[in-house]
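Undergrad: Data: entry.tsv, TSV, C-alpha atoms.
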chain	number	residue	atom	x	y	z
A	171	MET	CA	-22.07	6.48	15.85
A	172	ASP	CA	-21.02	4.44	12.80
A	173	LYS	CA	-23.38	4.57	9.79
A	174	VAL	CA	-24.40	2.14	7.05
A	175	VAL	CA	-22.51	3.36	3.97
A	176	HIS	CA	-22.73	0.59	1.36
A	177	PHE	CA	-24.51	-2.64	0.51
A	178	GLU	CA	-23.57	-5.73	-1.48
A	179	ILE	CA	-25.91	-8.21	-3.10
A	180	PRO	CA	-24.45	-11.54	-4.23
A	181	PHE	CA	-25.30	-13.11	-7.59
A	182	ASP	CA	-24.97	-16.49	-9.25
A	183	ASP	CA	-25.48	-15.08	-12.77
A	184	LYS	CA	-24.13	-11.54	-13.24
A	185	LYS	CA	-26.05	-10.70	-16.43
A	186	ARG	CA	-29.33	-11.96	-14.96
A	187	ALA	CA	-28.78	-9.97	-11.73
A	188	MET	CA	-27.87	-6.81	-13.64
A	189	LYS	CA	-30.99	-7.12	-15.76
A	190	PHE	CA	-33.17	-7.65	-12.69
A	191	TYR	CA	-31.88	-4.66	-10.68
A	192	GLY	CA	-31.79	-2.41	-13.73
A	193	ASP	CA	-35.32	-3.34	-14.80
A	194	ALA	CA	-36.93	-3.55	-11.35
A	195	PHE	CA	-35.38	-0.47	-9.73
A	196	ALA	CA	-33.77	1.49	-12.59
A	197	TRP	CA	-30.38	1.37	-10.84
A	198	LYS	CA	-27.37	2.51	-12.86
A	199	LEU	CA	-25.13	-0.58	-12.99
A	200	THR	CA	-21.48	-0.46	-14.02
A	201	ASP	CA	-19.74	-3.77	-14.69
A	202	MET	CA	-16.21	-3.69	-13.29
A	203	ALA	CA	-15.15	-6.92	-15.02
A	204	GLU	CA	-11.53	-6.67	-13.86
A	205	MET	CA	-12.80	-6.82	-10.26
A	206	SER	CA	-15.67	-9.30	-10.86
A	207	TYR	CA	-17.89	-6.59	-9.37
A	208	VAL	CA	-20.84	-4.46	-10.46
A	209	MET	CA	-21.21	-0.97	-9.01
A	210	ALA	CA	-24.87	-0.22	-8.21
A	211	GLU	CA	-25.80	3.44	-8.22
A	212	THR	CA	-29.19	3.81	-6.52
A	213	VAL	CA	-28.90	7.57	-6.15
A	214	ALA	CA	-27.00	10.21	-8.11
A	215	MET	CA	-23.55	11.08	-6.80
A	216	ASN	CA	-22.03	14.51	-6.20
A	217	GLU	CA	-18.63	15.75	-7.39
A	218	LYS	CA	-16.95	13.88	-4.49
A	219	ARG	CA	-18.55	10.59	-5.70
A	220	MET	CA	-20.79	10.49	-2.62
A	221	PRO	CA	-24.60	10.05	-2.65
A	222	SER	CA	-26.26	13.39	-3.40
A	223	GLU	CA	-29.25	12.73	-1.12
A	224	PRO	CA	-28.89	12.59	2.68
A	225	GLY	CA	-29.40	9.06	4.00
A	226	ALA	CA	-29.07	7.36	0.60
A	227	ILE	CA	-26.38	4.77	-0.14
A	228	ASN	CA	-25.01	3.04	-3.20
A	229	GLY	CA	-23.64	-0.47	-3.36
A	230	GLY	CA	-22.62	-3.32	-5.56
A	231	LEU	CA	-23.30	-6.81	-6.84
A	232	PHE	CA	-20.69	-9.55	-6.59
A	233	GLN	CA	-20.18	-13.27	-7.24
A	234	ARG	CA	-21.72	-15.15	-4.31
A	235	PRO	CA	-18.96	-16.27	-1.90
A	236	LYS	CA	-19.63	-19.06	0.58
A	237	GLU	CA	-18.66	-16.83	3.53
A	238	ALA	CA	-21.26	-14.17	2.60
A	239	PRO	CA	-24.08	-15.89	0.69
A	240	HIS	CA	-26.71	-13.23	1.49
A	241	PRO	CA	-26.88	-9.43	1.06
A	242	VAL	CA	-24.48	-7.57	3.33
A	243	LEU	CA	-24.72	-4.05	4.77
A	244	TYR	CA	-21.42	-2.22	5.26
A	245	VAL	CA	-20.84	0.07	8.22
A	246	GLY	CA	-18.36	2.92	7.80
A	247	VAL	CA	-15.77	2.80	10.58
A	248	ALA	CA	-12.70	4.89	11.42
A	249	SER	CA	-10.53	1.78	11.76
A	250	VAL	CA	-11.30	-1.76	10.58
A	251	ASP	CA	-8.60	-3.10	12.91
A	252	GLU	CA	-10.06	-1.41	16.00
A	253	THR	CA	-13.62	-2.36	15.07
A	254	LEU	CA	-12.63	-6.02	14.58
A	255	LYS	CA	-11.39	-5.99	18.19
A	256	LYS	CA	-14.69	-4.47	19.39
A	257	VAL	CA	-16.73	-6.99	17.39
A	258	GLN	CA	-14.83	-9.93	18.85
A	259	ALA	CA	-15.09	-8.52	22.39
A	260	ALA	CA	-18.87	-8.19	21.86
A	261	GLY	CA	-19.17	-11.85	20.82
A	262	GLY	CA	-18.87	-11.55	17.03
A	263	LYS	CA	-16.43	-13.35	14.75
A	264	VAL	CA	-14.26	-12.35	11.83
A	265	VAL	CA	-15.51	-13.88	8.56
A	266	THR	CA	-13.28	-12.02	6.08
A	267	PRO	CA	-10.15	-10.39	7.55
A	268	LYS	CA	-9.18	-6.81	6.77
A	269	THR	CA	-8.66	-6.59	3.02
A	270	PRO	CA	-7.28	-3.52	1.24
A	271	ILE	CA	-9.18	-1.94	-1.65
A	272	PRO	CA	-6.53	-0.05	-3.63
A	273	GLY	CA	-7.25	3.68	-3.76
A	274	MET	CA	-10.41	3.35	-1.67
A	275	GLY	CA	-9.64	1.92	1.78
A	276	ALA	CA	-10.21	-1.49	3.32
A	277	TYR	CA	-13.04	-3.82	4.26
A	278	ALA	CA	-13.73	-6.83	6.44
A	279	ARG	CA	-16.77	-9.00	7.16
A	280	VAL	CA	-17.88	-10.16	10.59
A	281	THR	CA	-20.75	-12.08	12.12
A	282	ASP	CA	-22.85	-10.47	14.78
A	283	SER	CA	-24.21	-12.19	17.90
A	284	GLU	CA	-27.04	-13.67	15.79
A	285	GLY	CA	-24.86	-15.12	13.02
A	286	ASN	CA	-25.63	-12.37	10.48
A	287	VAL	CA	-22.78	-11.22	8.25
A	288	VAL	CA	-22.06	-7.47	8.49
A	289	GLY	CA	-19.41	-5.63	6.50
A	290	LEU	CA	-16.98	-3.00	7.76
A	291	PHE	CA	-15.54	-0.30	5.51
A	292	GLU	CA	-12.65	2.04	6.30
A	293	ASN	CA	-12.20	4.97	3.92
A	294	ALA	CA	-8.64	5.61	2.72
Spell out the structure here as structure tokens.
TA:
Amino acid sequence: MDKVVHFEIPFDDKKRAMKFYGDAFAWKLTDMAEMSYVMAETVAMNEKRMPSEPGAINGGLFQRPKEAPHPVLYVGVASVDETLKKVQAAGGKVVTPKTPIPGMGAYARVTDSEGNVVGLFENA
């Protein structure tokens, strides 16, 4: 069974979004300016950089793209390529093709049967 491992929340104004999530939920936010991305730590991480509490996930904030204008949950999969085939066979569509994340793995975005965007993440 594949699990939800990450979330992403789009923003229109990075500073405003960082202030909101920091103030409202006390998340630890790290601006990764070179990636136009903000890491959102909602739970402390262990020495392997994984959430220290069972069932908890961390995520990120990113500039709102037109193909994923709403928050997206990411499902950890063994193979993005194989899962894209399963998604399409089940009636879903590829929104963002498999994209490498240097040193981390790869991701893709798909739509489900209801038109919702769901992310896929393959660990390196």
Undergrad: Taking all atoms listed in the file into account, which of A:Ala260, A:Ala294, A:Val208, A:Val247 comes nearest Tyr191 of chain A?
TA: A:Val208
Undergrad: Have a look at atom CA of Leu243 of chain A and atom CA of Gly225 of chain A and let me know their distance in Å, one decimal.
TA: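 It comes out at 13.9 Å.
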Undergrad: Which polymer residues have any atom within 12 Å of an atom of Lys189 of chain A, counting only C-alpha atoms, with same-chain residues fewer than 5 positions away left out, as JSON, numbers by chain?
TA: {"A": [181, 183, 184, 194, 195, 196, 197, 198, 199, 200, 201, 208, 210, 231]}
Undergrad: Could you write those residues out with C-alpha atoms, as a PDB file, keeping the file's coordinate frame?
TA:
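As written to disk, part-v3.pdb reads:
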ATOM      1  CA  PHE A 181     -25.300 -13.110  -7.590  1.00  0.00           C
ATOM      2  CA  ASP A 183     -25.480 -15.080 -12.770  1.00  0.00           C
ATOM      3  CA  LYS A 184     -24.130 -11.540 -13.240  1.00  0.00           C
ATOM      4  CA  ALA A 194     -36.930  -3.550 -11.350  1.00  0.00           C
ATOM      5  CA  PHE A 195     -35.380  -0.470  -9.730  1.00  0.00           C
ATOM      6  CA  ALA A 196     -33.770   1.490 -12.590  1.00  0.00           C
ATOM      7  CA  TRP A 197     -30.380   1.370 -10.840  1.00  0.00           C
ATOM      8  CA  LYS A 198     -27.370   2.510 -12.860  1.00  0.00           C
ATOM      9  CA  LEU A 199     -25.130  -0.580 -12.990  1.00  0.00           C
ATOM     10  CA  THR A 200     -21.480  -0.460 -14.020  1.00  0.00           C
ATOM     11  CA  ASP A 201     -19.740  -3.770 -14.690  1.00  0.00           C
ATOM     12  CA  VAL A 208     -20.840  -4.460 -10.460  1.00  0.00           C
ATOM     13  CA  ALA A 210     -24.870  -0.220  -8.210  1.00  0.00           C
ATOM     14  CA  LEU A 231     -23.300  -6.810  -6.840  1.00  0.00           C
TER      15      LEU A 231
END
Undergrad: Which residues, written as a PDB file with C-alpha atoms, in the frame of the given file, have at least one atom at most 10 Å from Gly275 of chain A, with only C-alpha atoms counted and residues fewer than 2 positions away on the same chain left out?
TA:
ATOM      1  CA  VAL A 250     -11.300  -1.760  10.580  1.00  0.00           C
ATOM      2  CA  THR A 269      -8.660  -6.590   3.020  1.00  0.00           C
ATOM      3  CA  PRO A 270      -7.280  -3.520   1.240  1.00  0.00           C
ATOM      4  CA  ILE A 271      -9.180  -1.940  -1.650  1.00  0.00           C
ATOM      5  CA  PRO A 272      -6.530  -0.050  -3.630  1.00  0.00           C
ATOM      6  CA  GLY A 273      -7.250   3.680  -3.760  1.00  0.00           C
ATOM      7  CA  TYR A 277     -13.040  -3.820   4.260  1.00  0.00           C
ATOM      8  CA  PHE A 291     -15.540  -0.300   5.510  1.00  0.00           C
ATOM      9  CA  GLU A 292     -12.650   2.040   6.300  1.00  0.00           C
ATOM     10  CA  ASN A 293     -12.200   4.970   3.920  1.00  0.00           C
ATOM     11  CA  ALA A 294      -8.640   5.610   2.720  1.00  0.00           C
TER      12      ALA A 294
END
Undergrad: At what distance in Å, to one decimal, does atom CA of Val175 of chain A lie from atom CA of Gly192 of chain A?
TA: 20.8 Å
Undergrad: Could I get segment 228-239 of chain A rebuilt with all heavy atoms, written as an mmCIF file, in the coordinates of the input?
TA:
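Output (selection_2.cif):
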data_model
loop_
_atom_site.group_PDB
_atom_site.id
_atom_site.type_symbol
_atom_site.label_atom_id
_atom_site.label_comp_id
_atom_site.auth_asym_id
_atom_site.auth_seq_id
_atom_site.Cartn_x
_atom_site.Cartn_y
_atom_site.Cartn_z
ATOM 1 N N ASN A 228 -25.201 3.843 -1.994
ATOM 2 C CA ASN A 228 -25.010 3.040 -3.200
ATOM 3 C C ASN A 228 -24.356 1.732 -2.778
ATOM 4 O O ASN A 228 -23.988 1.557 -1.619
ATOM 5 C CB ASN A 228 -24.159 3.802 -4.217
ATOM 6 C CG ASN A 228 -24.924 4.943 -4.837
ATOM 7 O OD1 ASN A 228 -26.083 4.798 -5.227
ATOM 8 N ND2 ASN A 228 -24.303 6.104 -4.922
ATOM 9 N N GLY A 229 -24.204 0.818 -3.724
ATOM 10 C CA GLY A 229 -23.640 -0.470 -3.360
ATOM 11 C C GLY A 229 -23.073 -1.199 -4.543
ATOM 12 O O GLY A 229 -22.579 -0.590 -5.499
ATOM 13 N N GLY A 230 -23.168 -2.519 -4.490
ATOM 14 C CA GLY A 230 -22.620 -3.320 -5.560
ATOM 15 C C GLY A 230 -23.183 -4.726 -5.561
ATOM 16 O O GLY A 230 -23.837 -5.165 -4.613
ATOM 17 N N LEU A 231 -22.926 -5.399 -6.669
ATOM 18 C CA LEU A 231 -23.300 -6.810 -6.840
ATOM 19 C C LEU A 231 -21.993 -7.572 -7.027
ATOM 20 O O LEU A 231 -21.061 -7.076 -7.663
ATOM 21 C CB LEU A 231 -24.176 -6.983 -8.077
ATOM 22 C CG LEU A 231 -25.379 -6.054 -8.237
ATOM 23 C CD1 LEU A 231 -26.063 -6.310 -9.576
ATOM 24 C CD2 LEU A 231 -26.352 -6.210 -7.101
ATOM 25 N N PHE A 232 -21.928 -8.787 -6.466
ATOM 26 C CA PHE A 232 -20.690 -9.550 -6.590
ATOM 27 C C PHE A 232 -20.983 -11.047 -6.623
ATOM 28 O O PHE A 232 -22.047 -11.485 -6.194
ATOM 29 C CB PHE A 232 -19.728 -9.200 -5.453
ATOM 30 C CG PHE A 232 -20.165 -9.646 -4.077
ATOM 31 C CD1 PHE A 232 -19.369 -10.508 -3.341
ATOM 32 C CD2 PHE A 232 -21.342 -9.201 -3.510
ATOM 33 C CE1 PHE A 232 -19.756 -10.923 -2.068
ATOM 34 C CE2 PHE A 232 -21.744 -9.608 -2.252
ATOM 35 C CZ PHE A 232 -20.937 -10.475 -1.518
ATOM 36 N N GLN A 233 -20.041 -11.810 -7.169
ATOM 37 C CA GLN A 233 -20.180 -13.270 -7.240
ATOM 38 C C GLN A 233 -20.358 -13.809 -5.829
ATOM 39 O O GLN A 233 -19.591 -13.482 -4.935
ATOM 40 C CB GLN A 233 -18.934 -13.880 -7.892
ATOM 41 C CG GLN A 233 -19.026 -15.373 -8.116
ATOM 42 C CD GLN A 233 -20.044 -15.753 -9.176
ATOM 43 O OE1 GLN A 233 -20.091 -15.161 -10.239
ATOM 44 N NE2 GLN A 233 -20.863 -16.731 -8.884
ATOM 45 N N ARG A 234 -21.371 -14.652 -5.637
ATOM 46 C CA ARG A 234 -21.720 -15.150 -4.310
ATOM 47 C C ARG A 234 -20.574 -15.963 -3.694
ATOM 48 O O ARG A 234 -20.241 -17.019 -4.184
ATOM 49 C CB ARG A 234 -22.972 -16.022 -4.396
ATOM 50 C CG ARG A 234 -23.494 -16.499 -3.050
ATOM 51 C CD ARG A 234 -24.709 -17.408 -3.194
ATOM 52 N NE ARG A 234 -25.678 -16.936 -4.153
ATOM 53 C CZ ARG A 234 -26.622 -16.030 -3.902
ATOM 54 N NH1 ARG A 234 -26.708 -15.494 -2.714
ATOM 55 N NH2 ARG A 234 -27.469 -15.670 -4.841
ATOM 56 N N PRO A 235 -19.971 -15.465 -2.593
ATOM 57 C CA PRO A 235 -18.960 -16.270 -1.900
ATOM 58 C C PRO A 235 -19.614 -17.107 -0.803
ATOM 59 O O PRO A 235 -20.670 -16.730 -0.288
ATOM 60 C CB PRO A 235 -18.049 -15.198 -1.286
ATOM 61 C CG PRO A 235 -18.969 -14.062 -1.003
ATOM 62 C CD PRO A 235 -20.028 -14.105 -2.089
ATOM 63 N N LYS A 236 -19.002 -18.217 -0.441
ATOM 64 C CA LYS A 236 -19.630 -19.060 0.580
ATOM 65 C C LYS A 236 -19.637 -18.405 1.952
ATOM 66 O O LYS A 236 -20.510 -18.680 2.760
ATOM 67 C CB LYS A 236 -18.988 -20.447 0.625
ATOM 68 C CG LYS A 236 -17.569 -20.494 1.067
ATOM 69 C CD LYS A 236 -17.065 -21.921 1.083
ATOM 70 C CE LYS A 236 -15.550 -21.924 1.268
ATOM 71 N NZ LYS A 236 -15.010 -23.241 1.294
ATOM 72 N N GLU A 237 -18.675 -17.470 2.216
ATOM 73 C CA GLU A 237 -18.660 -16.830 3.530
ATOM 74 C C GLU A 237 -19.671 -15.696 3.656
ATOM 75 O O GLU A 237 -19.918 -15.214 4.756
ATOM 76 C CB GLU A 237 -17.248 -16.338 3.888
ATOM 77 C CG GLU A 237 -16.756 -15.158 3.084
ATOM 78 C CD GLU A 237 -16.031 -15.529 1.796
ATOM 79 O OE1 GLU A 237 -16.078 -16.701 1.374
ATOM 80 O OE2 GLU A 237 -15.428 -14.634 1.199
ATOM 81 N N ALA A 238 -20.255 -15.247 2.560
ATOM 82 C CA ALA A 238 -21.260 -14.170 2.600
ATOM 83 C C ALA A 238 -22.318 -14.451 1.532
ATOM 84 O O ALA A 238 -22.411 -13.741 0.545
ATOM 85 C CB ALA A 238 -20.599 -12.822 2.385
ATOM 86 N N PRO A 239 -23.134 -15.484 1.726
ATOM 87 C CA PRO A 239 -24.080 -15.890 0.690
ATOM 88 C C PRO A 239 -25.321 -15.021 0.567
ATOM 89 O O PRO A 239 -26.114 -15.211 -0.345
ATOM 90 C CB PRO A 239 -24.455 -17.313 1.102
ATOM 91 C CG PRO A 239 -24.329 -17.305 2.592
ATOM 92 C CD PRO A 239 -23.164 -16.389 2.872
#
